[in-house]
Amino acid sequence: MGLLSLGTPMDWHESKKWNEHVRENGIEQLLNIFRQHAKRDGDKFLWGDEVEYMLVDVNRKEAQARLSIDHDHILEDLNDEEGHPEQFARAEAANVSFHPEYGRFMLEATPLRPYDGTNLCDYLYVEENMVDRRVVAKESLPANIVPLTLTAFPRMGCATFTSPPAKAIGPASQSLFLPDEIINRHVRFPTLTANIRKRRGAKVSINLPMFPDVNTKLIDDSIPLNRDLFSSDSEPWLGASKPGHVYMDSMGFGMGSSCLQVTMQGSDINESRYLYDTLAPLTPVLLAASAASPIFKGYLVNQDVRWNVISGAVDDRTFIERNVEPYRGYDVFGGLDVSKSDKEHVEKLGGGVGVNGDRVVNSSGDTLLQTLDGKPIQKVPKSRYDSIDSYLGDLQHDTKYFDPQYNDIYSPINSKVLSQLSQEKGLIDEQLSKHFAHLFIRDPLVLFSERIDQDNKLENDHFENIQSTNWQTLRFKPPALYPATRDLSTTPGWRVEFRPLEIQLTDFENAAYSVFISLLSKAIIKFKPNLYVPISKIDENMKTAHNVDAVTKDKFWFRSQDSWGLNHDEFIGYDLSWFDRFINRGNDELGVDEVYLNGYKDKETIEEETANCDDGDNDSDITATSSNGTSANNASLPFSKLSANEIINGSACHPGLIRLIVKLIATELLPETAQHHCDTSKLAQQMTKLQNYLKLVSYRASGKIPTIAHWMRTVVTQSPEYARDSKVTERLNYDLIEKTIHVSDYDFTAAGGLLTEYFGADIASYLKETGYGQ
Ligand code: ADP
Ligand code: MG
Ligand code: MG
Ligand code: MG
């Protein structure tokens, strides 16, 4: 989230009059961005992470842990150079930057300046920067308020979960569970909350399957039976809540969760497009491998990640767009303005749901049904927070793997925007135009009256308004606009943001996942694997990734390992043991040429390891049949179902992602002096740290150590306090939070070998030996 615009945010019914204005000008701004930046090249591989924290008030006397909603001033203080010069200087000196987030109990922090991805030291600096962020935040807070990196607060939405207590009676969300006092005080956020509800024509509704335990009553008994404060109070009884599910009704359940995001800059637009496409099939796999949210609204749920919660939490689509029957007495068009005759026409059609394909025809039968301001009304399969709808294509890059048939799902576009984008021939190609024309099917959610008129040559707020409220698994981030005199080489270029990761409890883990993604991105750019699979398969994988323990128990559609376009022989030896050889023996003891290129292994070992590998291409492919009938198109494509372990760790005959990263480190990131052996103890320490980062991700993928979700579920279900009814009581919540504090403090004295259980013996002893927690 960038800086907040100051001004007066408009209510939906006022702001919707400007929807077309924002889209038209936003696209004009995008065209100007392409005019200014399409041809820039040679940008450095820079990258940065974003970490989101929850401020938790830990009351040890009462054994309570609650979300703190009255310490949000620290965010302003840390950014207030004049009013709080010391705090400001402290953050600046630590090279950290704090940003607002949806929740009043939330903080986001990033490095003040991005990291240099060509410099080995910066991959090792990330964790230090993350540690500093926590330290700086803690210094501004009383001791009982602890910034924790929890993906979802387990009891958010339960009777009393905030400190100080607040009642769920707020007009912005109208939630039955979340008080408006949890929402960031900046007017943008309550307006955003209310406008989503107003556009949709009902509150959002999220239903998560309960984790069925022996005493579980498959009914969400936290829904108040008789509240009569807002007319929306009756929605759970009109179909919004589903039996056997935990029901949530507000934006805060999703936007109040935390995640880890990583942004990388390609050298030019084409490299970034290839990177975006290649990361796409990895989004569900890494979501599963970072799973950290098995508890919502005080219930253990039958899934491990936050994604569908946040997707549902900002789903502003009307009933007709979602193609579902409205609740009794509700308008199928939600908050959209539609002519009376068109409304009557659609009523006659039985509500326009399930008829007329993806677009709805108007009363005269010849043109498409439109809102009063001329935007076609279409069926929209996904929330604005969801997995990506299409690849960008790499045909302008030297890889050229993309095939249009990979974009195989129905993805509605704004055809007016598409034609506006093609007005200047050769400026934006078809795939990219379709990408933006898809993002621009959405309406702006918040507009500030002072920001209606903008200079489209220098400002890009209208573009960003739509772009940054499309919260997808990946974001393709174009540069901003600058005066013609500005040297563009020092300004941010074409970037790709990786967004599915759940936040981890410790800085070590968050650094590990960030470094994994950034190094992998650099390795992708270098080794150019072809990882394309049809988008429909990625969507299937997104569903799979929600499953309990998906990372070890499920398989994901993926490009068959023989078809990544990599020669496995070139990656042999670059597994995690490469680090041990490099650190302990160096290359000197072995024959230099082949051993160096082959990851410091001798020929015999290599031959032994690969004796049973088949050299043939594609012969292990499975012809895929998918549930949504796309198999006919895809039958000949080389994809199969792989486990996260196979994808991340590879096998004797296939490199997997880790070997790409290790080879990148070995062949591109080592300092000049250390090409053949590790020459200093400092370098040895650095290499051991990188090895342990990779071990963490590797072990989570192989199941050698648990995901956070698995660990949390076990903590709850094994507690003597747990009644086997899926409920996470205030006491269980407190005990779990205390344990997460032990983990995030690397408290090796914690009872029951907690740290070893959490990290596994191998990583735990590394952390202990290198002084974590002291
Ligand atoms: P948003 O919330 O829109 O994703 P933020 O500003 O919160 O954006 O975070 C963006 C991340 O991108 C930060 O970690 C920042 O360090 C990083 N970053 C900034 N400039 C660049 C750049 N030129 N290339 C890559 N990453 C960058
Ligand atoms: Mg954020
Ligand atoms: Mg951000
Ligand atoms: Mg971000």
# chains A, B, ... in the order shown; residues from 1 in each chain; ligands from 1
>>> residues_near_ligand(ligand="ligand 1", cutoff="6 Å", atoms="only C-alpha atoms and all ligand atoms", output="list in words")
Met1, Gly2, Leu46, Trp47, Gly48, Asp49, Glu50, Thr110, Pro111, Arg113, Pro114, Thr263, Met264, Gln265, Pro492 and Gly493 of chain A
>>> residues_around(residues="segment 707-716 of chain A", least_positions_apart="5", cutoff="7 Å", atoms="only C-alpha atoms", output="list in words")
Ala289, Ser290, Ala291, Ala292, Ser293, Pro294, Asp304, Asp549, Arg700, Tyr722, Leu732, Leu736 and Tyr758 of chain A
>>> select_by_dssp(residues="segment 171-419 of chain A", states="alpha helix (DSSP H)", output="PyMOL selection string")
chain A and resi 188-200+235+252-255+269-279+283-289+307-313+319-322+340-348+415-419
>>> residues_near_ligand(ligand="ligand 4", cutoff="12 Å", atoms="only C-alpha atoms and all ligand atoms", output="tab-separated table (two decimals) with all heavy atoms, in the first residue's frame")
chain	number	residue	atom	x	y	z
A	1	MET	N	0.84	-1.18	0.00
A	1	MET	CA	0.00	0.00	0.00
A	1	MET	C	0.88	1.23	0.00
A	1	MET	O	1.77	1.38	0.82
A	1	MET	CB	-0.85	-0.10	1.26
A	1	MET	CG	-1.42	1.16	1.77
A	1	MET	SD	-3.14	1.28	1.37
A	1	MET	CE	-3.65	-0.42	1.31
A	2	GLY	N	0.62	2.12	-0.94
A	2	GLY	CA	1.44	3.32	-1.00
A	2	GLY	C	0.94	4.35	0.00
A	2	GLY	O	0.16	4.05	0.89
A	47	TRP	N	14.92	-5.84	-5.46
A	47	TRP	CA	13.75	-6.51	-4.88
A	47	TRP	C	13.51	-6.03	-3.47
A	47	TRP	O	14.37	-5.39	-2.85
A	47	TRP	CB	13.91	-8.03	-4.93
A	47	TRP	CG	14.98	-8.59	-4.03
A	47	TRP	CD1	16.32	-8.58	-4.25
A	47	TRP	CD2	14.77	-9.25	-2.78
A	47	TRP	NE1	16.96	-9.20	-3.21
A	47	TRP	CE2	16.05	-9.63	-2.29
A	47	TRP	CE3	13.65	-9.57	-2.02
A	47	TRP	CZ2	16.21	-10.28	-1.08
A	47	TRP	CZ3	13.81	-10.24	-0.82
A	47	TRP	CH2	15.09	-10.59	-0.37
A	48	GLY	N	12.33	-6.32	-2.95
A	48	GLY	CA	12.00	-5.93	-1.58
A	48	GLY	C	10.85	-6.77	-1.07
A	48	GLY	O	10.10	-7.36	-1.85
A	49	ASP	N	10.75	-6.84	0.25
A	49	ASP	CA	9.67	-7.62	0.86
A	49	ASP	C	8.74	-6.70	1.62
A	49	ASP	O	9.09	-5.56	1.91
A	49	ASP	CB	10.26	-8.64	1.84
A	49	ASP	CG	10.80	-7.95	3.07
A	49	ASP	OD1	10.02	-7.75	4.02
A	49	ASP	OD2	11.99	-7.55	3.08
A	50	GLU	N	7.57	-7.21	1.95
A	50	GLU	CA	6.63	-6.51	2.83
A	50	GLU	C	6.18	-7.48	3.91
A	50	GLU	O	5.75	-8.59	3.60
A	50	GLU	CB	5.39	-6.06	2.05
A	50	GLU	CG	5.67	-5.02	0.99
A	50	GLU	CD	4.53	-4.94	-0.01
A	50	GLU	OE1	3.47	-4.43	0.32
A	50	GLU	OE2	4.72	-5.42	-1.15
A	51	VAL	N	6.29	-7.06	5.15
A	51	VAL	CA	5.87	-7.89	6.28
A	51	VAL	C	4.74	-7.16	7.02
A	51	VAL	O	4.83	-5.95	7.25
A	51	VAL	CB	7.05	-8.15	7.25
A	51	VAL	CG1	6.57	-8.86	8.51
A	51	VAL	CG2	8.13	-8.97	6.56
A	52	GLU	N	3.68	-7.89	7.35
A	52	GLU	CA	2.58	-7.30	8.09
A	52	GLU	C	2.52	-7.87	9.51
A	52	GLU	O	2.66	-9.07	9.70
A	52	GLU	CB	1.25	-7.54	7.35
A	52	GLU	CG	1.19	-6.76	6.05
A	52	GLU	CD	0.07	-7.19	5.11
A	52	GLU	OE1	-0.50	-8.29	5.29
A	52	GLU	OE2	-0.21	-6.43	4.18
A	99	HIS	N	4.15	1.27	7.03
A	99	HIS	CA	3.01	1.66	6.19
A	99	HIS	C	1.70	1.30	6.89
A	99	HIS	O	1.65	0.34	7.65
A	99	HIS	CB	3.02	0.92	4.85
A	99	HIS	CG	4.32	0.93	4.14
A	99	HIS	ND1	4.56	1.72	3.04
A	99	HIS	CD2	5.46	0.25	4.34
A	99	HIS	CE1	5.80	1.52	2.61
A	99	HIS	NE2	6.37	0.63	3.39
A	100	PRO	N	0.64	2.04	6.57
A	100	PRO	CA	-0.67	1.70	7.13
A	100	PRO	C	-1.24	0.43	6.52
A	100	PRO	O	-0.92	0.10	5.37
A	100	PRO	CB	-1.55	2.91	6.76
A	100	PRO	CG	-0.87	3.53	5.59
A	100	PRO	CD	0.58	3.22	5.68
A	101	GLU	N	-2.06	-0.25	7.27
A	101	GLU	CA	-2.77	-1.40	6.74
A	101	GLU	C	-4.24	-1.30	7.14
A	101	GLU	O	-4.62	-0.40	7.87
A	101	GLU	CB	-2.13	-2.71	7.24
A	101	GLU	CG	-1.34	-3.45	6.17
A	101	GLU	CD	-2.12	-3.71	4.89
A	101	GLU	OE1	-3.36	-3.84	4.96
A	101	GLU	OE2	-1.49	-3.76	3.82
A	108	GLU	N	2.42	-2.40	8.60
A	108	GLU	CA	3.20	-3.05	7.55
A	108	GLU	C	4.58	-2.41	7.56
A	108	GLU	O	4.70	-1.20	7.80
A	108	GLU	CB	2.54	-2.83	6.19
A	108	GLU	CG	3.33	-3.47	5.06
A	108	GLU	CD	2.76	-3.21	3.68
A	108	GLU	OE1	1.64	-3.67	3.42
A	108	GLU	OE2	3.43	-2.53	2.88
A	109	ALA	N	5.61	-3.21	7.33
A	109	ALA	CA	6.95	-2.63	7.28
A	109	ALA	C	7.73	-3.24	6.12
A	109	ALA	O	7.62	-4.43	5.83
A	109	ALA	CB	7.68	-2.84	8.59
A	110	THR	N	8.49	-2.37	5.49
A	110	THR	CA	9.33	-2.77	4.36
A	110	THR	C	10.73	-2.17	4.56
A	110	THR	O	10.88	-1.27	5.39
A	110	THR	CB	8.78	-2.21	3.03
A	110	THR	OG1	8.85	-0.78	3.09
A	110	THR	CG2	7.34	-2.63	2.78
A	258	SER	N	-2.62	-11.16	7.73
A	258	SER	CA	-1.29	-10.67	7.32
A	258	SER	C	-0.65	-11.63	6.32
A	258	SER	O	-0.92	-12.83	6.35
A	258	SER	CB	-0.36	-10.59	8.54
A	258	SER	OG	-0.81	-9.61	9.43
A	259	CYS	N	0.18	-11.07	5.48
A	259	CYS	CA	0.88	-11.94	4.53
A	259	CYS	C	2.28	-11.41	4.26
A	259	CYS	O	2.67	-10.36	4.77
A	259	CYS	CB	0.09	-12.07	3.24
A	259	CYS	SG	0.06	-10.56	2.29
A	260	LEU	N	3.00	-12.17	3.50
A	260	LEU	CA	4.37	-11.80	3.12
A	260	LEU	C	4.40	-11.60	1.61
A	260	LEU	O	4.01	-12.51	0.88
A	260	LEU	CB	5.33	-12.93	3.53
A	260	LEU	CG	6.79	-12.80	3.10
A	260	LEU	CD1	7.45	-11.62	3.80
A	260	LEU	CD2	7.56	-14.08	3.43
A	261	GLN	N	4.83	-10.43	1.16
A	261	GLN	CA	4.88	-10.19	-0.28
A	261	GLN	C	6.30	-9.84	-0.70
A	261	GLN	O	7.05	-9.25	0.06
A	261	GLN	CB	3.93	-9.04	-0.65
A	261	GLN	CG	2.48	-9.38	-0.36
A	261	GLN	CD	1.55	-8.19	-0.48
A	261	GLN	OE1	1.99	-7.03	-0.52
A	261	GLN	NE2	0.26	-8.47	-0.53
A	262	VAL	N	6.63	-10.25	-1.92
A	262	VAL	CA	7.98	-9.98	-2.42
A	262	VAL	C	7.86	-9.37	-3.82
A	262	VAL	O	7.14	-9.91	-4.67
A	262	VAL	CB	8.81	-11.28	-2.49
A	262	VAL	CG1	10.28	-10.96	-2.76
A	262	VAL	CG2	8.70	-12.08	-1.20
A	263	THR	N	8.54	-8.26	-4.04
A	263	THR	CA	8.50	-7.57	-5.33
A	263	THR	C	9.88	-7.63	-5.99
A	263	THR	O	10.89	-7.35	-5.33
A	263	THR	CB	8.09	-6.10	-5.14
A	263	THR	OG1	6.79	-6.04	-4.58
A	263	THR	CG2	8.09	-5.34	-6.46
A	264	MET	N	9.93	-8.01	-7.26
A	264	MET	CA	11.20	-8.07	-7.99
A	264	MET	C	11.14	-7.21	-9.25
A	264	MET	O	10.10	-7.14	-9.88
A	264	MET	CB	11.49	-9.51	-8.46
A	264	MET	CG	12.01	-10.45	-7.43
A	264	MET	SD	10.79	-11.24	-6.36
A	264	MET	CE	9.50	-11.74	-7.42
A	467	GLN	N	-5.82	-0.69	-10.50
A	467	GLN	CA	-4.73	-1.68	-10.47
A	467	GLN	C	-4.52	-2.23	-9.06
A	467	GLN	O	-4.42	-3.42	-8.85
A	467	GLN	CB	-3.45	-1.00	-11.00
A	467	GLN	CG	-2.12	-1.53	-10.47
A	467	GLN	CD	-1.46	-2.53	-11.41
A	467	GLN	OE1	-2.07	-3.02	-12.36
A	467	GLN	NE2	-0.22	-2.86	-11.14
A	468	SER	N	-4.48	-1.33	-8.06
A	468	SER	CA	-4.09	-1.81	-6.74
A	468	SER	C	-5.27	-2.29	-5.91
A	468	SER	O	-5.11	-2.70	-4.78
A	468	SER	CB	-3.29	-0.73	-5.99
A	468	SER	OG	-4.13	0.36	-5.74
A	469	THR	N	-6.48	-2.26	-6.50
A	469	THR	CA	-7.59	-2.95	-5.83
A	469	THR	C	-7.97	-4.21	-6.62
A	469	THR	O	-9.06	-4.74	-6.48
A	469	THR	CB	-8.82	-2.03	-5.63
A	469	THR	OG1	-9.16	-1.45	-6.89
A	469	THR	CG2	-8.52	-0.93	-4.63
A	470	ASN	N	-7.07	-4.65	-7.49
A	470	ASN	CA	-7.12	-5.99	-8.06
A	470	ASN	C	-6.04	-6.75	-7.31
A	470	ASN	O	-4.85	-6.65	-7.62
A	470	ASN	CB	-6.77	-5.98	-9.55
A	470	ASN	CG	-7.98	-5.80	-10.44
A	470	ASN	OD1	-8.67	-6.76	-10.75
A	470	ASN	ND2	-8.23	-4.57	-10.84
A	471	TRP	N	-6.47	-7.50	-6.29
A	471	TRP	CA	-5.49	-8.15	-5.42
A	471	TRP	C	-5.30	-9.59	-5.88
A	471	TRP	O	-5.99	-10.50	-5.39
A	471	TRP	CB	-5.97	-8.13	-3.99
A	471	TRP	CG	-6.16	-6.77	-3.38
A	471	TRP	CD1	-5.19	-6.00	-2.82
A	471	TRP	CD2	-7.38	-6.05	-3.18
A	471	TRP	NE1	-5.74	-4.86	-2.29
A	471	TRP	CE2	-7.07	-4.85	-2.49
A	471	TRP	CE3	-8.73	-6.29	-3.51
A	471	TRP	CZ2	-8.04	-3.91	-2.14
A	471	TRP	CZ3	-9.69	-5.35	-3.16
A	471	TRP	CH2	-9.35	-4.18	-2.49
A	472	GLN	N	-4.42	-9.81	-6.82
A	472	GLN	CA	-4.28	-11.16	-7.35
A	472	GLN	C	-3.02	-11.84	-6.81
A	472	GLN	O	-2.22	-11.22	-6.13
A	472	GLN	CB	-4.28	-11.11	-8.88
A	472	GLN	CG	-5.61	-10.58	-9.40
A	472	GLN	CD	-5.70	-10.58	-10.91
A	472	GLN	OE1	-4.80	-10.11	-11.60
A	472	GLN	NE2	-6.78	-11.11	-11.43
A	473	THR	N	-2.87	-13.13	-7.13
A	473	THR	CA	-1.71	-13.87	-6.62
A	473	THR	C	-0.39	-13.25	-7.08
A	473	THR	O	0.63	-13.37	-6.40
A	473	THR	CB	-1.77	-15.34	-7.09
A	473	THR	OG1	-2.32	-15.37	-8.40
A	473	THR	CG2	-2.58	-16.20	-6.15
A	474	LEU	N	-0.43	-12.62	-8.27
A	474	LEU	CA	0.75	-11.88	-8.74
A	474	LEU	C	0.28	-10.50	-9.15
A	474	LEU	O	-0.86	-10.34	-9.60
A	474	LEU	CB	1.35	-12.56	-9.97
A	474	LEU	CG	1.94	-13.94	-9.80
A	474	LEU	CD1	2.21	-14.58	-11.16
A	474	LEU	CD2	3.25	-13.89	-9.00
A	475	ARG	N	1.15	-9.52	-9.02
A	475	ARG	CA	0.82	-8.21	-9.57
A	475	ARG	C	1.95	-7.76	-10.49
A	475	ARG	O	3.12	-7.82	-10.11
A	475	ARG	CB	0.57	-7.19	-8.46
A	475	ARG	CG	0.12	-5.84	-8.99
A	475	ARG	CD	-0.22	-4.86	-7.89
A	475	ARG	NE	-1.47	-5.21	-7.22
A	475	ARG	CZ	-1.80	-4.77	-6.00
A	475	ARG	NH1	-0.98	-3.99	-5.33
A	475	ARG	NH2	-2.95	-5.11	-5.46
A	476	PHE	N	1.53	-7.36	-11.70
A	476	PHE	CA	2.48	-6.80	-12.64
A	476	PHE	C	2.48	-5.29	-12.40
A	476	PHE	O	1.46	-4.64	-12.63
A	476	PHE	CB	2.02	-7.14	-14.06
A	476	PHE	CG	2.96	-6.70	-15.14
A	476	PHE	CD1	4.26	-7.20	-15.18
A	476	PHE	CD2	2.55	-5.82	-16.13
A	476	PHE	CE1	5.13	-6.79	-16.19
A	476	PHE	CE2	3.42	-5.42	-17.13
A	476	PHE	CZ	4.71	-5.91	-17.15
A	477	LYS	N	3.60	-4.77	-11.89
A	477	LYS	CA	3.62	-3.36	-11.48
A	477	LYS	C	4.37	-2.50	-12.50
A	477	LYS	O	5.60	-2.57	-12.60
A	477	LYS	CB	4.35	-3.21	-10.14
A	477	LYS	CG	3.65	-3.82	-8.92
A	477	LYS	CD	4.54	-3.66	-7.66
A	477	LYS	CE	3.82	-3.94	-6.37
A	477	LYS	NZ	4.72	-3.89	-5.18
A	495	ARG	N	8.00	-4.23	-12.52
A	495	ARG	CA	8.19	-5.15	-11.40
A	495	ARG	C	7.09	-6.21	-11.33
A	495	ARG	O	6.00	-6.03	-11.87
A	495	ARG	CB	8.21	-4.37	-10.08
A	495	ARG	CG	9.45	-3.52	-9.87
A	495	ARG	CD	9.12	-2.23	-9.12
A	495	ARG	NE	8.19	-1.42	-9.91
A	495	ARG	CZ	7.28	-0.61	-9.40
A	495	ARG	NH1	7.18	-0.45	-8.10
A	495	ARG	NH2	6.46	0.08	-10.19
A	496	VAL	N	7.42	-7.29	-10.66
A	496	VAL	CA	6.47	-8.38	-10.45
A	496	VAL	C	6.38	-8.61	-8.94
A	496	VAL	O	7.41	-8.72	-8.27
A	496	VAL	CB	6.97	-9.68	-11.11
A	496	VAL	CG1	6.01	-10.82	-10.83
A	496	VAL	CG2	7.16	-9.47	-12.61
A	497	GLU	N	5.16	-8.67	-8.45
A	497	GLU	CA	4.98	-8.91	-7.02
A	497	GLU	C	4.40	-10.30	-6.79
A	497	GLU	O	3.40	-10.67	-7.41
A	497	GLU	CB	4.04	-7.85	-6.42
A	497	GLU	CG	3.86	-8.01	-4.92
A	497	GLU	CD	2.96	-6.95	-4.30
A	497	GLU	OE1	2.09	-6.41	-5.02
A	497	GLU	OE2	3.10	-6.67	-3.09
A	498	PHE	N	5.03	-11.05	-5.90
A	498	PHE	CA	4.59	-12.40	-5.55
A	498	PHE	C	3.79	-12.30	-4.26
A	498	PHE	O	4.31	-11.88	-3.24
A	498	PHE	CB	5.84	-13.29	-5.36
A	498	PHE	CG	5.54	-14.75	-5.26
A	498	PHE	CD1	5.35	-15.52	-6.42
A	498	PHE	CD2	5.47	-15.39	-4.04
A	498	PHE	CE1	5.08	-16.87	-6.35
A	498	PHE	CE2	5.20	-16.75	-3.95
A	498	PHE	CZ	5.01	-17.50	-5.12
A	499	ARG	N	2.49	-12.68	-4.29
A	499	ARG	CA	1.59	-12.29	-3.22
A	499	ARG	C	0.91	-13.42	-2.42
A	499	ARG	O	0.18	-13.14	-1.48
A	499	ARG	CB	0.50	-11.37	-3.79
A	499	ARG	CG	1.08	-10.14	-4.47
A	499	ARG	CD	0.04	-9.38	-5.30
A	499	ARG	NE	-1.18	-9.17	-4.57
A	499	ARG	CZ	-1.40	-8.15	-3.73
A	499	ARG	NH1	-0.47	-7.23	-3.57
A	499	ARG	NH2	-2.53	-8.05	-3.08
A	500	PRO	N	1.12	-14.69	-2.79
A	500	PRO	CA	0.34	-15.71	-2.06
A	500	PRO	C	0.85	-16.09	-0.68
A	500	PRO	O	0.09	-16.66	0.10
A	500	PRO	CB	0.44	-16.93	-2.99
A	500	PRO	CG	1.73	-16.76	-3.70
A	500	PRO	CD	1.89	-15.28	-3.89
A	501	LEU	N	2.10	-15.78	-0.36
A	501	LEU	CA	2.71	-16.35	0.85
A	501	LEU	C	2.01	-15.94	2.14
A	501	LEU	O	1.68	-14.77	2.34
A	501	LEU	CB	4.18	-15.92	0.96
A	501	LEU	CG	5.14	-16.48	-0.08
A	501	LEU	CD1	6.49	-15.78	0.02
A	501	LEU	CD2	5.31	-17.99	0.11
>>> residues_around(residues="segment 22-30 of chain A", least_positions_apart="5", cutoff="6 Å", atoms="only C-alpha atoms", output="list in words")
Asn456, Asn460, His462 and Phe463 of chain A
>>> residues_around(residues="Lys522 of chain A", least_positions_apart="3", cutoff="10 Å", atoms="only C-alpha atoms", output="list in words")
Phe45, Gly117, Thr118, Met264, Gln265, Gly266, Leu275, Phe516, Ile517, Ser518, Leu519, Ile525, Lys526, Phe527, Lys528, Leu660, Ile661, Leu664 and Ile665 of chain A
>>> closest_residue(among="A:Ala94, A:Val285, A:Leu192, A:Ala65", to="Val314 of chain A", atoms="only C-alpha atoms")
A:Leu192
>>> closest_residue(among="A:Glu604, A:Asp41, A:Asp80, A:Asp213", to="Asp268 of chain A", atoms="only C-alpha atoms")
A:Asp41
>>> select_by_dssp(residues="segment 136-236 of chain A", states="strand (DSSP E or B)", output="PyMOL selection string")
chain A and resi 145-148+162-163+183+206-210
>>> write_last_selection(atoms="N, CA and C atoms", output="PDB file, in the first residue's frame")
ATOM      1  N   ILE A 145       2.302  -4.928  24.627  1.00  0.00           N
ATOM      2  CA  ILE A 145       1.801  -4.934  23.242  1.00  0.00           C
ATOM      3  C   ILE A 145       2.899  -5.503  22.337  1.00  0.00           C
ATOM      4  N   VAL A 146       2.641  -6.671  21.786  1.00  0.00           N
ATOM      5  CA  VAL A 146       3.683  -7.377  21.047  1.00  0.00           C
ATOM      6  C   VAL A 146       3.345  -7.422  19.554  1.00  0.00           C
ATOM      7  N   PRO A 147       4.253  -6.944  18.692  1.00  0.00           N
ATOM      8  CA  PRO A 147       3.983  -7.094  17.254  1.00  0.00           C
ATOM      9  C   PRO A 147       4.278  -8.534  16.816  1.00  0.00           C
ATOM     10  N   LEU A 148       3.253  -9.233  16.376  1.00  0.00           N
ATOM     11  CA  LEU A 148       3.431 -10.631  15.973  1.00  0.00           C
ATOM     12  C   LEU A 148       3.107 -10.799  14.496  1.00  0.00           C
ATOM     13  N   THR A 162     -10.787  -7.680  21.213  1.00  0.00           N
ATOM     14  CA  THR A 162      -9.958  -6.482  21.064  1.00  0.00           C
ATOM     15  C   THR A 162      -9.590  -5.921  22.431  1.00  0.00           C
ATOM     16  N   SER A 163      -8.534  -5.167  22.453  1.00  0.00           N
ATOM     17  CA  SER A 163      -8.144  -4.425  23.640  1.00  0.00           C
ATOM     18  C   SER A 163      -7.933  -2.974  23.237  1.00  0.00           C
ATOM     19  N   ILE A 183     -11.028  -1.047  12.350  1.00  0.00           N
ATOM     20  CA  ILE A 183     -10.650  -0.532  11.022  1.00  0.00           C
ATOM     21  C   ILE A 183      -9.743   0.691  11.180  1.00  0.00           C
ATOM     22  N   ILE A 206     -18.541 -15.177   3.908  1.00  0.00           N
ATOM     23  CA  ILE A 206     -17.453 -16.150   3.786  1.00  0.00           C
ATOM     24  C   ILE A 206     -17.847 -17.348   4.638  1.00  0.00           C
ATOM     25  N   ASN A 207     -17.777 -18.515   4.077  1.00  0.00           N
ATOM     26  CA  ASN A 207     -18.113 -19.728   4.826  1.00  0.00           C
ATOM     27  C   ASN A 207     -16.953 -20.707   4.743  1.00  0.00           C
ATOM     28  N   LEU A 208     -16.352 -20.988   5.888  1.00  0.00           N
ATOM     29  CA  LEU A 208     -15.248 -21.949   5.904  1.00  0.00           C
ATOM     30  C   LEU A 208     -15.717 -23.246   6.559  1.00  0.00           C
ATOM     31  N   PRO A 209     -15.377 -24.370   5.947  1.00  0.00           N
ATOM     32  CA  PRO A 209     -15.793 -25.638   6.543  1.00  0.00           C
ATOM     33  C   PRO A 209     -15.161 -25.821   7.925  1.00  0.00           C
ATOM     34  N   MET A 210     -15.994 -26.234   8.890  1.00  0.00           N
ATOM     35  CA  MET A 210     -15.438 -26.494  10.227  1.00  0.00           C
ATOM     36  C   MET A 210     -14.590 -27.748  10.198  1.00  0.00           C
TER      37      MET A 210
END
>>> closest_residue(among="A:Arg451, A:Lys39, A:Lys379, A:Lys61", to="Gly7 of chain A", atoms="only C-alpha atoms")
A:Arg451
>>> closest_residue(among="A:Leu55, A:Met255, A:Ala166, A:Met248", to="ligand 2", atoms="only C-alpha atoms and all ligand atoms")
A:Met255
>>> closest_residue(among="A:Asp394, A:Trp237, A:Ser15, A:Tyr53", to="Pro224 of chain A", atoms="only C-alpha atoms")
A:Trp237
>>> decode(residues="segment 671-689 of chain A", atoms="C-alpha atoms", output="tab-separated table (two decimals), in the first residue's frame")
chain	number	residue	atom	x	y	z
A	671	PRO	CA	32.55	-13.20	-4.66
A	672	GLU	CA	35.41	-13.25	-7.18
A	673	THR	CA	37.90	-14.51	-4.62
A	674	ALA	CA	35.77	-17.44	-3.57
A	675	GLN	CA	35.00	-19.06	-6.90
A	676	HIS	CA	36.76	-22.29	-6.06
A	677	HIS	CA	36.62	-22.51	-2.34
A	678	CYS	CA	35.16	-20.76	0.61
A	679	ASP	CA	37.96	-18.45	1.66
A	680	THR	CA	36.72	-16.74	4.79
A	681	SER	CA	34.79	-17.74	7.86
A	682	LYS	CA	32.41	-14.86	7.16
A	683	LEU	CA	31.54	-16.34	3.79
A	684	ALA	CA	31.14	-19.73	5.43
A	685	GLN	CA	28.64	-18.23	7.88
A	686	GLN	CA	26.77	-16.53	5.07
A	687	MET	CA	26.60	-19.73	3.06
A	688	THR	CA	25.39	-21.67	6.09
A	689	LYS	CA	22.64	-19.15	6.60
